[in-house]
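See below for entry.cif, which holds mmCIF, C-alpha atoms.
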```cif
data_entry
loop_
_atom_site.group_PDB
_atom_site.id
_atom_site.type_symbol
_atom_site.label_atom_id
_atom_site.label_comp_id
_atom_site.auth_asym_id
_atom_site.auth_seq_id
_atom_site.Cartn_x
_atom_site.Cartn_y
_atom_site.Cartn_z
ATOM 1 C CA MET A 1 67.176 -16.257 139.325
ATOM 2 C CA ASP A 2 63.495 -15.360 138.941
ATOM 3 C CA ASN A 3 64.389 -13.115 136.001
ATOM 4 C CA ILE A 4 66.357 -15.903 134.327
ATOM 5 C CA PHE A 5 63.448 -18.346 134.657
ATOM 6 C CA LYS A 6 61.083 -15.701 133.296
ATOM 7 C CA LEU A 7 63.377 -15.087 130.313
ATOM 8 C CA HIS A 8 63.592 -18.844 129.720
ATOM 9 C CA ALA A 9 59.795 -19.147 129.687
ATOM 10 C CA GLU A 10 59.450 -16.245 127.251
ATOM 11 C CA LEU A 11 61.942 -17.834 124.884
ATOM 12 C CA LEU A 12 60.268 -21.221 125.157
ATOM 13 C CA HIS A 13 56.810 -19.840 124.321
ATOM 14 C CA HIS A 14 58.028 -17.227 121.784
ATOM 15 C CA THR A 15 56.675 -14.357 123.889
ATOM 16 C CA TYR A 16 60.094 -12.728 124.332
ATOM 17 C CA ARG A 17 60.338 -9.163 123.072
ATOM 18 C CA HIS A 18 63.626 -7.291 122.923
ATOM 19 C CA GLY A 19 63.604 -4.093 124.979
ATOM 20 C CA GLY A 20 64.718 -0.611 123.996
ATOM 21 C CA TYR A 21 68.158 0.965 124.045
ATOM 22 C CA GLN A 22 69.927 3.672 126.001
ATOM 23 C CA ALA A 23 71.794 5.934 123.578
ATOM 24 C CA PHE A 24 74.972 7.906 124.292
ATOM 25 C CA ASN A 25 77.817 9.401 122.274
ATOM 26 C CA ILE A 26 81.567 8.824 122.427
ATOM 27 C CA CYS A 27 84.537 10.305 120.561
ATOM 28 C CA ASP A 28 87.184 7.626 120.046
ATOM 29 C CA PRO A 29 88.564 9.281 117.977
ATOM 30 C CA LYS A 30 85.580 10.267 115.817
ATOM 31 C CA PRO A 31 82.020 10.728 117.152
ATOM 32 C CA ARG A 32 80.030 7.515 117.425
ATOM 33 C CA ASN A 33 76.483 6.891 118.626
ATOM 34 C CA ILE A 34 76.370 3.883 120.976
ATOM 35 C CA HIS A 35 73.163 2.080 121.926
ATOM 36 C CA LYS A 36 73.170 -0.035 125.093
ATOM 37 C CA ALA A 37 70.543 -2.720 125.608
ATOM 38 C CA ARG A 38 68.969 -3.678 128.931
ATOM 39 C CA VAL A 39 70.723 -6.222 131.155
ATOM 40 C CA ARG A 40 68.297 -9.073 130.321
ATOM 41 C CA ASP A 41 68.785 -8.487 126.615
ATOM 42 C CA ARG A 42 72.578 -8.260 126.934
ATOM 43 C CA LEU A 43 72.518 -11.574 128.803
ATOM 44 C CA LEU A 44 70.720 -13.094 125.829
ATOM 45 C CA HIS A 45 73.174 -11.489 123.382
ATOM 46 C CA HIS A 46 76.046 -13.242 125.144
ATOM 47 C CA ALA A 47 74.212 -16.575 125.022
ATOM 48 C CA ILE A 48 73.555 -16.178 121.282
ATOM 49 C CA HIS A 49 77.157 -15.208 120.596
ATOM 50 C CA ARG A 50 78.548 -18.065 122.688
ATOM 51 C CA LYS A 51 76.548 -20.624 120.704
ATOM 52 C CA LEU A 52 76.783 -19.211 117.186
ATOM 53 C CA TYR A 53 80.291 -17.756 117.058
ATOM 54 C CA PRO A 54 82.155 -21.126 116.977
ATOM 55 C CA PHE A 55 80.040 -22.244 114.012
ATOM 56 C CA PHE A 56 80.361 -19.079 111.941
ATOM 57 C CA ASP A 57 84.044 -18.605 112.739
ATOM 58 C CA LYS A 58 84.752 -21.788 110.771
ATOM 59 C CA ILE A 59 83.237 -20.359 107.584
ATOM 60 C CA PHE A 60 85.041 -16.999 107.743
ATOM 61 C CA ILE A 61 88.159 -16.480 105.645
ATOM 62 C CA GLN A 62 91.531 -16.395 107.367
ATOM 63 C CA ASP A 63 92.118 -12.719 106.630
ATOM 64 C CA SER A 64 89.054 -11.290 108.366
ATOM 65 C CA TYR A 65 90.432 -9.846 111.614
ATOM 66 C CA SER A 66 87.694 -7.897 113.402
ATOM 67 C CA CYS A 67 86.058 -9.260 116.586
ATOM 68 C CA ARG A 68 87.431 -12.774 116.253
ATOM 69 C CA VAL A 69 89.343 -14.975 118.675
ATOM 70 C CA ASP A 70 93.110 -14.921 118.080
ATOM 71 C CA LYS A 71 92.801 -12.157 115.470
ATOM 72 C CA GLY A 72 92.679 -8.369 116.028
ATOM 73 C CA THR A 73 94.546 -5.315 114.752
ATOM 74 C CA HIS A 74 98.093 -6.469 115.537
ATOM 75 C CA LYS A 75 97.611 -9.721 113.623
ATOM 76 C CA ALA A 76 96.137 -7.731 110.718
ATOM 77 C CA LEU A 77 99.111 -5.341 110.716
ATOM 78 C CA ASN A 78 101.587 -8.201 110.594
ATOM 79 C CA ARG A 79 99.624 -9.912 107.846
ATOM 80 C CA PHE A 80 99.705 -6.682 105.826
ATOM 81 C CA ARG A 81 103.478 -6.541 106.216
ATOM 82 C CA ASN A 82 103.848 -10.168 105.090
ATOM 83 C CA PHE A 83 101.633 -9.579 102.063
ATOM 84 C CA ALA A 84 103.625 -6.458 101.160
ATOM 85 C CA TYR A 85 106.884 -8.413 101.219
ATOM 86 C CA LYS A 86 105.408 -11.103 98.961
ATOM 87 C CA VAL A 87 103.874 -8.721 96.424
ATOM 88 C CA SER A 88 106.979 -6.522 96.282
ATOM 89 C CA LYS A 89 109.315 -9.543 96.124
ATOM 90 C CA ASN A 90 111.089 -8.359 99.283
ATOM 91 C CA ASN A 91 110.911 -4.689 98.266
ATOM 92 C CA THR A 92 112.424 -5.201 94.823
ATOM 93 C CA ARG A 93 109.234 -4.387 92.873
ATOM 94 C CA ALA A 94 106.395 -1.869 93.117
ATOM 95 C CA CYS A 95 103.529 -2.871 95.408
ATOM 96 C CA TRP A 96 100.161 -1.157 94.878
ATOM 97 C CA VAL A 97 97.463 -1.073 97.540
ATOM 98 C CA LEU A 98 93.741 -0.518 96.988
ATOM 99 C CA LYS A 99 92.272 0.755 100.243
ATOM 100 C CA CYS A 100 88.493 1.001 100.710
ATOM 101 C CA ASP A 101 86.017 2.001 103.391
ATOM 102 C CA ILE A 102 82.240 1.510 103.509
ATOM 103 C CA ARG A 103 79.989 4.516 104.063
ATOM 104 C CA LYS A 104 78.096 4.409 107.401
ATOM 105 C CA PHE A 105 78.642 0.689 107.748
ATOM 106 C CA PHE A 106 76.570 -0.306 110.800
ATOM 107 C CA ALA A 107 73.805 2.167 109.948
ATOM 108 C CA ASN A 108 73.276 0.614 106.485
ATOM 109 C CA ILE A 109 73.123 -3.109 107.289
ATOM 110 C CA ASN A 110 69.912 -4.320 105.642
ATOM 111 C CA HIS A 111 67.861 -6.547 107.967
ATOM 112 C CA THR A 112 66.167 -8.515 105.180
ATOM 113 C CA THR A 113 69.484 -9.264 103.495
ATOM 114 C CA LEU A 114 71.066 -10.234 106.814
ATOM 115 C CA MET A 115 68.210 -12.622 107.646
ATOM 116 C CA LYS A 116 68.478 -14.280 104.212
ATOM 117 C CA ILE A 117 72.191 -14.846 104.783
ATOM 118 C CA LEU A 118 71.582 -16.290 108.262
ATOM 119 C CA GLN A 119 68.885 -18.596 106.919
ATOM 120 C CA LYS A 120 71.392 -20.095 104.476
ATOM 121 C CA TYR A 121 73.328 -21.461 107.439
ATOM 122 C CA ILE A 122 70.685 -21.919 110.144
ATOM 123 C CA ARG A 123 67.624 -24.111 109.574
ATOM 124 C CA ASP A 124 66.300 -24.174 113.134
ATOM 125 C CA LYS A 125 63.152 -21.996 113.072
ATOM 126 C CA ASP A 126 63.378 -21.176 116.783
ATOM 127 C CA ILE A 127 66.884 -19.740 116.373
ATOM 128 C CA ILE A 128 65.841 -17.787 113.282
ATOM 129 C CA TRP A 129 62.864 -16.356 115.179
ATOM 130 C CA LEU A 130 65.133 -15.251 118.023
ATOM 131 C CA LEU A 131 67.769 -13.718 115.741
ATOM 132 C CA GLU A 132 65.089 -11.797 113.874
ATOM 133 C CA GLU A 133 63.723 -10.464 117.162
ATOM 134 C CA VAL A 134 67.176 -9.162 118.107
ATOM 135 C CA ILE A 135 67.923 -7.724 114.661
ATOM 136 C CA GLU A 136 64.534 -6.012 114.297
ATOM 137 C CA SER A 137 64.860 -4.420 117.759
ATOM 138 C CA PHE A 138 66.888 -1.564 116.254
ATOM 139 C CA SER A 139 66.802 0.555 113.122
ATOM 140 C CA VAL A 140 68.364 3.780 111.863
ATOM 141 C CA GLY A 141 66.272 6.332 110.011
ATOM 142 C CA ARG A 142 63.944 3.788 108.426
ATOM 143 C CA ILE A 143 62.620 0.372 109.376
ATOM 144 C CA ASP A 144 64.655 -2.697 108.387
ATOM 145 C CA VAL A 145 68.056 -0.987 108.282
ATOM 146 C CA GLY A 146 70.901 -0.641 110.792
ATOM 147 C CA LEU A 147 72.558 -2.485 113.659
ATOM 148 C CA PRO A 148 73.417 -0.930 117.048
ATOM 149 C CA LEU A 149 77.012 -0.180 117.961
ATOM 150 C CA GLY A 150 77.029 -1.722 121.416
ATOM 151 C CA ASN A 151 75.424 -5.149 120.965
ATOM 152 C CA LEU A 152 77.779 -8.110 121.133
ATOM 153 C CA THR A 153 75.596 -9.791 118.537
ATOM 154 C CA SER A 154 76.171 -6.903 116.114
ATOM 155 C CA GLN A 155 79.868 -7.791 115.915
ATOM 156 C CA LEU A 156 78.987 -11.320 114.838
ATOM 157 C CA PHE A 157 76.216 -10.238 112.474
ATOM 158 C CA VAL A 158 78.416 -7.797 110.532
ATOM 159 C CA ASN A 159 81.093 -10.455 110.099
ATOM 160 C CA VAL A 160 78.454 -12.859 108.756
ATOM 161 C CA TYR A 161 77.176 -10.064 106.494
ATOM 162 C CA MET A 162 80.599 -9.090 105.182
ATOM 163 C CA ASN A 163 81.643 -12.711 104.769
ATOM 164 C CA GLU A 164 79.577 -12.563 101.575
ATOM 165 C CA PHE A 165 81.948 -9.904 100.291
ATOM 166 C CA ASP A 166 85.002 -11.752 101.603
ATOM 167 C CA GLN A 167 84.016 -14.797 99.559
ATOM 168 C CA PHE A 168 83.420 -12.585 96.511
ATOM 169 C CA ALA A 169 86.863 -11.005 96.900
ATOM 170 C CA LYS A 170 88.619 -14.356 97.232
ATOM 171 C CA HIS A 171 86.706 -16.428 94.668
ATOM 172 C CA ARG A 172 85.370 -13.938 92.101
ATOM 173 C CA LEU A 173 88.042 -11.242 92.186
ATOM 174 C CA LYS A 174 90.712 -13.882 92.855
ATOM 175 C CA ALA A 175 92.256 -11.461 95.362
ATOM 176 C CA ARG A 176 95.115 -13.453 96.842
ATOM 177 C CA TYR A 177 96.329 -10.575 99.015
ATOM 178 C CA TYR A 178 93.199 -9.262 100.712
ATOM 179 C CA ILE A 179 92.669 -8.172 104.345
ATOM 180 C CA ARG A 180 89.498 -6.900 106.020
ATOM 181 C CA TYR A 181 88.996 -5.382 109.457
ATOM 182 C CA ALA A 182 85.310 -4.478 109.989
ATOM 183 C CA ASP A 183 84.483 -2.110 107.100
ATOM 184 C CA ASP A 184 88.109 -1.297 106.195
ATOM 185 C CA PHE A 185 89.742 -3.542 103.625
ATOM 186 C CA VAL A 186 92.797 -3.572 101.394
ATOM 187 C CA LEU A 187 93.884 -5.467 98.302
ATOM 188 C CA LEU A 188 97.561 -5.637 97.376
ATOM 189 C CA SER A 189 98.881 -6.269 93.860
ATOM 190 C CA GLU A 190 101.804 -5.546 91.584
ATOM 191 C CA ASN A 191 99.246 -4.524 88.916
ATOM 192 C CA LYS A 192 97.822 -1.038 89.481
ATOM 193 C CA GLU A 193 95.447 -1.227 86.515
ATOM 194 C CA LEU A 194 93.919 -4.464 87.815
ATOM 195 C CA LEU A 195 93.137 -2.810 91.146
ATOM 196 C CA ARG A 196 91.576 0.164 89.361
ATOM 197 C CA LYS A 197 89.216 -2.158 87.453
ATOM 198 C CA GLN A 198 88.267 -3.978 90.627
ATOM 199 C CA ILE A 199 86.939 -0.808 92.288
ATOM 200 C CA ASN A 200 83.897 -0.822 89.997
ATOM 201 C CA LEU A 201 83.280 -4.546 90.528
ATOM 202 C CA ILE A 202 83.506 -4.093 94.289
ATOM 203 C CA GLY A 203 81.081 -1.168 94.239
ATOM 204 C CA ILE A 204 78.538 -3.091 92.158
ATOM 205 C CA PHE A 205 78.652 -6.163 94.410
ATOM 206 C CA LEU A 206 78.308 -4.148 97.624
ATOM 207 C CA LYS A 207 75.354 -2.179 96.290
ATOM 208 C CA GLU A 208 73.451 -4.994 94.601
ATOM 209 C CA LYS A 209 74.092 -7.808 97.081
ATOM 210 C CA LEU A 210 74.539 -6.030 100.416
ATOM 211 C CA SER A 211 72.924 -2.579 99.956
ATOM 212 C CA LEU A 212 76.206 -0.905 100.931
ATOM 213 C CA GLU A 213 78.275 1.829 99.285
ATOM 214 C CA LEU A 214 81.962 2.604 99.215
ATOM 215 C CA HIS A 215 82.865 5.879 100.882
ATOM 216 C CA PRO A 216 83.724 8.146 97.915
ATOM 217 C CA HIS A 217 86.467 9.970 99.830
ATOM 218 C CA LYS A 218 88.062 6.868 101.339
ATOM 219 C CA VAL A 219 88.898 4.826 98.269
ATOM 220 C CA SER A 220 92.481 5.098 97.042
ATOM 221 C CA ILE A 221 95.213 3.290 95.136
ATOM 222 C CA LYS A 222 98.703 4.152 96.327
ATOM 223 C CA SER A 223 102.127 2.603 96.195
ATOM 224 C CA LEU A 224 103.482 1.098 99.377
ATOM 225 C CA ALA A 225 106.564 3.324 99.049
ATOM 226 C CA SER A 226 104.373 6.430 99.399
ATOM 227 C CA GLY A 227 102.842 5.195 102.681
ATOM 228 C CA ILE A 228 99.546 3.356 103.291
ATOM 229 C CA ASP A 229 97.349 4.524 106.163
ATOM 230 C CA PHE A 230 95.728 1.342 107.516
ATOM 231 C CA LEU A 231 94.417 0.556 111.023
ATOM 232 C CA GLY A 232 96.011 3.584 112.668
ATOM 233 C CA TRP A 233 99.489 3.084 111.226
ATOM 234 C CA VAL A 234 101.195 4.386 108.094
ATOM 235 C CA HIS A 235 102.924 1.475 106.363
ATOM 236 C CA PHE A 236 106.046 1.777 104.204
ATOM 237 C CA SER A 237 108.198 -0.802 102.443
ATOM 238 C CA ASP A 238 110.436 -1.569 105.428
ATOM 239 C CA HIS A 239 108.743 0.022 108.440
ATOM 240 C CA ARG A 240 105.532 1.513 109.819
ATOM 241 C CA VAL A 241 104.926 4.648 111.860
ATOM 242 C CA LEU A 242 102.035 5.871 113.943
ATOM 243 C CA ARG A 243 99.498 8.144 112.243
ATOM 244 C CA THR A 244 100.120 11.805 113.166
ATOM 245 C CA GLN A 245 96.609 12.263 114.531
ATOM 246 C CA THR A 246 97.051 9.192 116.722
ATOM 247 C CA LYS A 247 100.373 10.512 118.068
ATOM 248 C CA ARG A 248 98.712 13.719 119.196
ATOM 249 C CA ARG A 249 95.838 11.831 120.814
ATOM 250 C CA VAL A 250 98.244 9.580 122.731
ATOM 251 C CA ILE A 251 100.201 12.571 124.044
ATOM 252 C CA ARG A 252 96.964 14.301 125.134
ATOM 253 C CA ARG A 253 95.723 11.250 126.999
ATOM 254 C CA VAL A 254 99.006 10.621 128.781
ATOM 255 C CA ARG A 255 99.060 14.282 129.819
ATOM 256 C CA ALA A 256 95.438 14.136 131.035
ATOM 257 C CA HIS A 257 95.804 10.734 132.781
ATOM 258 C CA PRO A 258 99.433 10.319 133.951
ATOM 259 C CA THR A 259 98.928 6.895 135.532
ATOM 260 C CA PRO A 260 101.285 3.911 135.203
ATOM 261 C CA GLU A 261 98.470 1.924 133.577
ATOM 262 C CA THR A 262 97.947 4.504 130.825
ATOM 263 C CA PHE A 263 101.681 4.956 130.305
ATOM 264 C CA ASN A 264 102.494 1.246 130.061
ATOM 265 C CA SER A 265 99.491 0.430 127.857
ATOM 266 C CA TYR A 266 100.597 2.990 125.271
ATOM 267 C CA LEU A 267 104.182 1.783 125.399
ATOM 268 C CA GLY A 268 102.864 -1.707 124.677
ATOM 269 C CA LEU A 269 100.907 -0.411 121.693
ATOM 270 C CA LEU A 270 103.849 1.535 120.305
ATOM 271 C CA ARG A 271 106.173 -1.487 120.324
ATOM 272 C CA HIS A 272 104.387 -2.669 117.182
ATOM 273 C CA GLY A 273 106.045 -0.043 114.973
ATOM 274 C CA ASN A 274 109.020 2.284 114.518
ATOM 275 C CA THR A 275 108.194 4.613 117.399
ATOM 276 C CA TYR A 276 111.375 5.385 119.343
ATOM 277 C CA LYS A 277 110.874 9.158 119.242
ATOM 278 C CA ILE A 278 107.195 9.070 120.155
ATOM 279 C CA ARG A 279 107.890 6.651 123.042
ATOM 280 C CA LEU A 280 110.575 9.006 124.294
ATOM 281 C CA GLY A 281 108.099 11.900 124.013
ATOM 282 C CA ILE A 282 105.431 9.971 125.934
ATOM 283 C CA GLN A 283 107.877 9.157 128.722
ATOM 284 C CA ARG A 284 108.851 12.813 129.050
ATOM 285 C CA THR A 285 105.203 13.923 128.991
ATOM 286 C CA PHE A 286 104.321 11.316 131.599
ATOM 287 C CA ILE A 287 107.081 12.414 133.975
ATOM 288 C CA LEU A 288 106.441 16.140 133.474
ATOM 289 C CA SER A 289 102.738 15.555 134.161
ATOM 290 C CA GLY A 290 103.558 14.052 137.549
ATOM 291 C CA GLY A 291 103.614 10.387 136.646
ATOM 292 C CA VAL A 292 106.104 7.973 138.163
ATOM 293 C CA PRO A 293 106.777 4.985 135.890
ATOM 294 C CA ASN A 294 106.847 1.712 137.811
ATOM 295 C CA ASN A 295 108.368 -0.124 134.885
ATOM 296 C CA VAL A 296 110.821 1.915 132.825
ATOM 297 C CA ASP A 297 111.001 0.985 129.146
ATOM 298 C CA GLU A 298 114.290 -0.848 128.613
ATOM 299 C CA ASP A 299 114.724 0.661 125.152
ATOM 300 C CA LEU A 300 114.453 4.181 126.580
ATOM 301 C CA SER A 301 116.221 3.771 129.912
ATOM 302 C CA GLY A 302 119.500 5.050 128.540
ATOM 303 C CA ALA A 303 117.976 7.994 126.676
#
```
Could I get this file's structure written as structure tokens?
Amino acid sequence: MDNIFKLHAELLHHTYRHGGYQAFNICDPKPRNIHKARVRDRLLHHAIHRKLYPFFDKIFIQDSYSCRVDKGTHKALNRFRNFAYKVSKNNTRACWVLKCDIRKFFANINHTTLMKILQKYIRDKDIIWLLEEVIESFSVGRIDVGLPLGNLTSQLFVNVYMNEFDQFAKHRLKARYYIRYADDFVLLSENKELLRKQINLIGIFLKEKLSLELHPHKVSIKSLASGIDFLGWVHFSDHRVLRTQTKRRVIRRVRAHPTPETFNSYLGLLRHGNTYKIRLGIQRTFILSGGVPNNVDEDLSGA
């Protein structure tokens, strides 16, 4: 309680200073550098998020799915499927998908640009002062650039930042079938040439307005029939399958941690696609590794 009153006084008199971060690495699945703030700062992050998220969520487009209430990957996957049906006229026409990824997304968020965007929506000087203190508490490589993977506020800030691009995609590019999850986004169209022209427009906007760059090796235009790798699944015209790399990772984890919780959580994940064989393989791996399922999958019980 004493710490809370002290934090309140510091905020009231503008003497609050954000503390440092504890850094550690994870591999899930690729290496990521996580920075964890002190408890008092994380408490403040939650307070900021609780107050600002409801306001900003109202200005976000419908098809932004990362770190939002009642959104997430499964909703994004289903939306992709619905868009694909519409563009392909129920799989009777070719559907082309432009898939893009931003290079080193969190590490390249420009603080000055982010503050200008926040100031468009927030006029209270005390809130702006506090947000700037949190944002300027971290940088990557050079001052005024980068947000920490680990702050709850970072999830909100990047959505506010990328909302500028979302609005550009919807109102300037007139992209009717557009989905974004964090720094991954797709545009679907029956016109391949139109998508090819939009790549340059997207790159210019990201660089000039947001100081971001498309990843040169993660921009592609492919037909839906050839398979679109998006959010861990490979999507086809009438079904989706788990990415091969993800299959191997799931098998390894079930083998290393043969607990009912691990087993059932992966079965729940795999129900969102055409995964009968991989679910059967996971069940066999789980049993051979010494696990005892407490809730046998009904679809596999007769296998």
>> Around (105.8, 9.6, 122.5), as given in the file, which residues come within 12 Å? Count all atoms listed in the file and list them as a PyMOL selection string.
In response: chain A and resi 241-242+244+246-255+263-264+266-271+274-287+300
>> Using all atoms listed in the file, which protein or nucleic acid residues come within 10 Å of A:Val160? Drop anything in the same chain fewer than 3 positions from it, and give the result as a PyMOL selection string.
In response: chain A and resi 53+56-57+59-60+114+117-118+154-157+163-166
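In this comparison, which uses only C-alpha atoms, the residue of A:Gln245, A:Thr92, A:Thr153, A:Ser139 approaching A:Tyr21 most closely is A:Ser139.
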>> Using all atoms listed in the file, can you tell me which of A:Ile48, A:Leu188, A:Leu288, A:Leu7 comes closest to A:Ala94?
In response: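 Closest to A:Ala94, using all atoms listed in the file: A:Leu188.
Here atom CA of A:Tyr16 and atom CA of A:Asn108 stand 25.9 Å from one another.
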Box for stretch 159-171 of chain A: with edges along x, y and z, all listed atoms inside and 3 Å added on each side, what are the centre and edge lengths in Å to one decimal, as AutoDock Vina command-line options?
```
--center_x 82.9 --center_y -12.8 --center_z 102.4 --size_x 17.4 --size_y 13.3 --size_z 21.4
```
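A straight line drawn from atom CA of A:Phe106 to atom CA of A:Tyr177 is 25.2 Å long.
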> What is the distance, in Å and to one decimal place, between atom CA of A:Ser237 and atom CA of A:Lys71?
Replying inline: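 About the pair atom CA of A:Ser237 and atom CA of A:Lys71: they are 23.1 Å apart.
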> Which residues fall under the PyMOL selection byres ((chain A and resi 63) around 7) in this file, as a ChimeraX atom specification?
Replying inline: /A:61-62,64-65,178-180
>> Evaluate the PyMOL selection byres ((chain A and resi 22-31) around 10) against this structure - the residues, as a PyMOL selection string, please.
In response: chain A and resi 20-21+32-38+148-150+245-246+249
> Any chance you could work out the residue set of the PyMOL selection byres ((chain A and resi 2-5) around 12) here, as a count of residues only?
Replying inline: 13
> Got a sec: who's within 9 Å of A:Met115, counting all atoms listed in the file, leaving out chain neighbours fewer than 2 positions off, as a PyMOL selection string?
Replying inline: chain A and resi 110-113+117-120+128+131-132+135
>> Measuring between all atoms listed in the file, which one of A:Ile221, A:Val145, A:Leu52, A:Ile102 shows the shortest distance to A:Asn191?
In response: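 That would be A:Ile221, the residue with the smallest distance to A:Asn191.
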>> Using only C-alpha atoms and a cutoff of 12 Å, can you tell me which residues are near (83.7, -10.9, 95.7) in the file's coordinates, and write them out as number ranges by chain?
In response: A: 162-176, 178, 187, 198-206, 208-210
>> Which residues are close to A:Asn78, i.e. within 12 Å by all atoms listed in the file, leaving aside same-chain residues fewer than 5 positions away? Reply as a list in words.
In response: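 Using all atoms listed in the file, the neighbours found are Asp63, Tyr65, Lys71, Gly72, Thr73, Phe83, Ala84, Tyr85, Ile179, Phe230, Leu231, Trp233, His235, His239, Arg240, His272 and Gly273 of chain A.
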With C-alpha atoms retained, output stretch 62-92 of chain A as a CSV table (one decimal), in the first residue's frame.
```csv
chain,number,residue,atom,x,y,z
A,62,GLN,CA,-12.9,-4.7,-37.8
A,63,ASP,CA,-10.2,-6.8,-39.4
A,64,SER,CA,-7.4,-6.1,-37.0
A,65,TYR,CA,-7.1,-9.2,-34.9
A,66,SER,CA,-4.0,-9.0,-32.7
A,67,CYS,CA,-4.3,-8.3,-28.9
A,68,ARG,CA,-8.0,-7.3,-29.0
A,69,VAL,CA,-11.0,-8.5,-27.0
A,70,ASP,CA,-13.1,-11.0,-28.9
A,71,LYS,CA,-10.5,-11.2,-31.7
A,72,GLY,CA,-7.4,-13.4,-31.9
A,73,THR,CA,-5.9,-15.9,-34.4
A,74,HIS,CA,-9.0,-18.2,-34.7
A,75,LYS,CA,-11.3,-15.3,-35.6
A,76,ALA,CA,-8.7,-14.1,-38.1
A,77,LEU,CA,-8.4,-17.6,-39.7
A,78,ASN,CA,-12.2,-17.8,-40.1
A,79,ARG,CA,-12.3,-14.3,-41.5
A,80,PHE,CA,-9.7,-15.3,-44.1
A,81,ARG,CA,-11.8,-18.3,-45.1
A,82,ASN,CA,-14.9,-16.2,-45.5
A,83,PHE,CA,-13.0,-13.6,-47.6
A,84,ALA,CA,-11.6,-16.4,-49.8
A,85,TYR,CA,-15.1,-17.8,-50.5
A,86,LYS,CA,-16.3,-14.3,-51.4
A,87,VAL,CA,-13.4,-13.4,-53.7
A,88,SER,CA,-13.4,-16.8,-55.4
A,89,LYS,CA,-17.2,-16.9,-55.7
A,90,ASN,CA,-17.4,-20.1,-53.7
A,91,ASN,CA,-14.2,-21.5,-55.4
A,92,THR,CA,-15.4,-21.0,-58.9
```
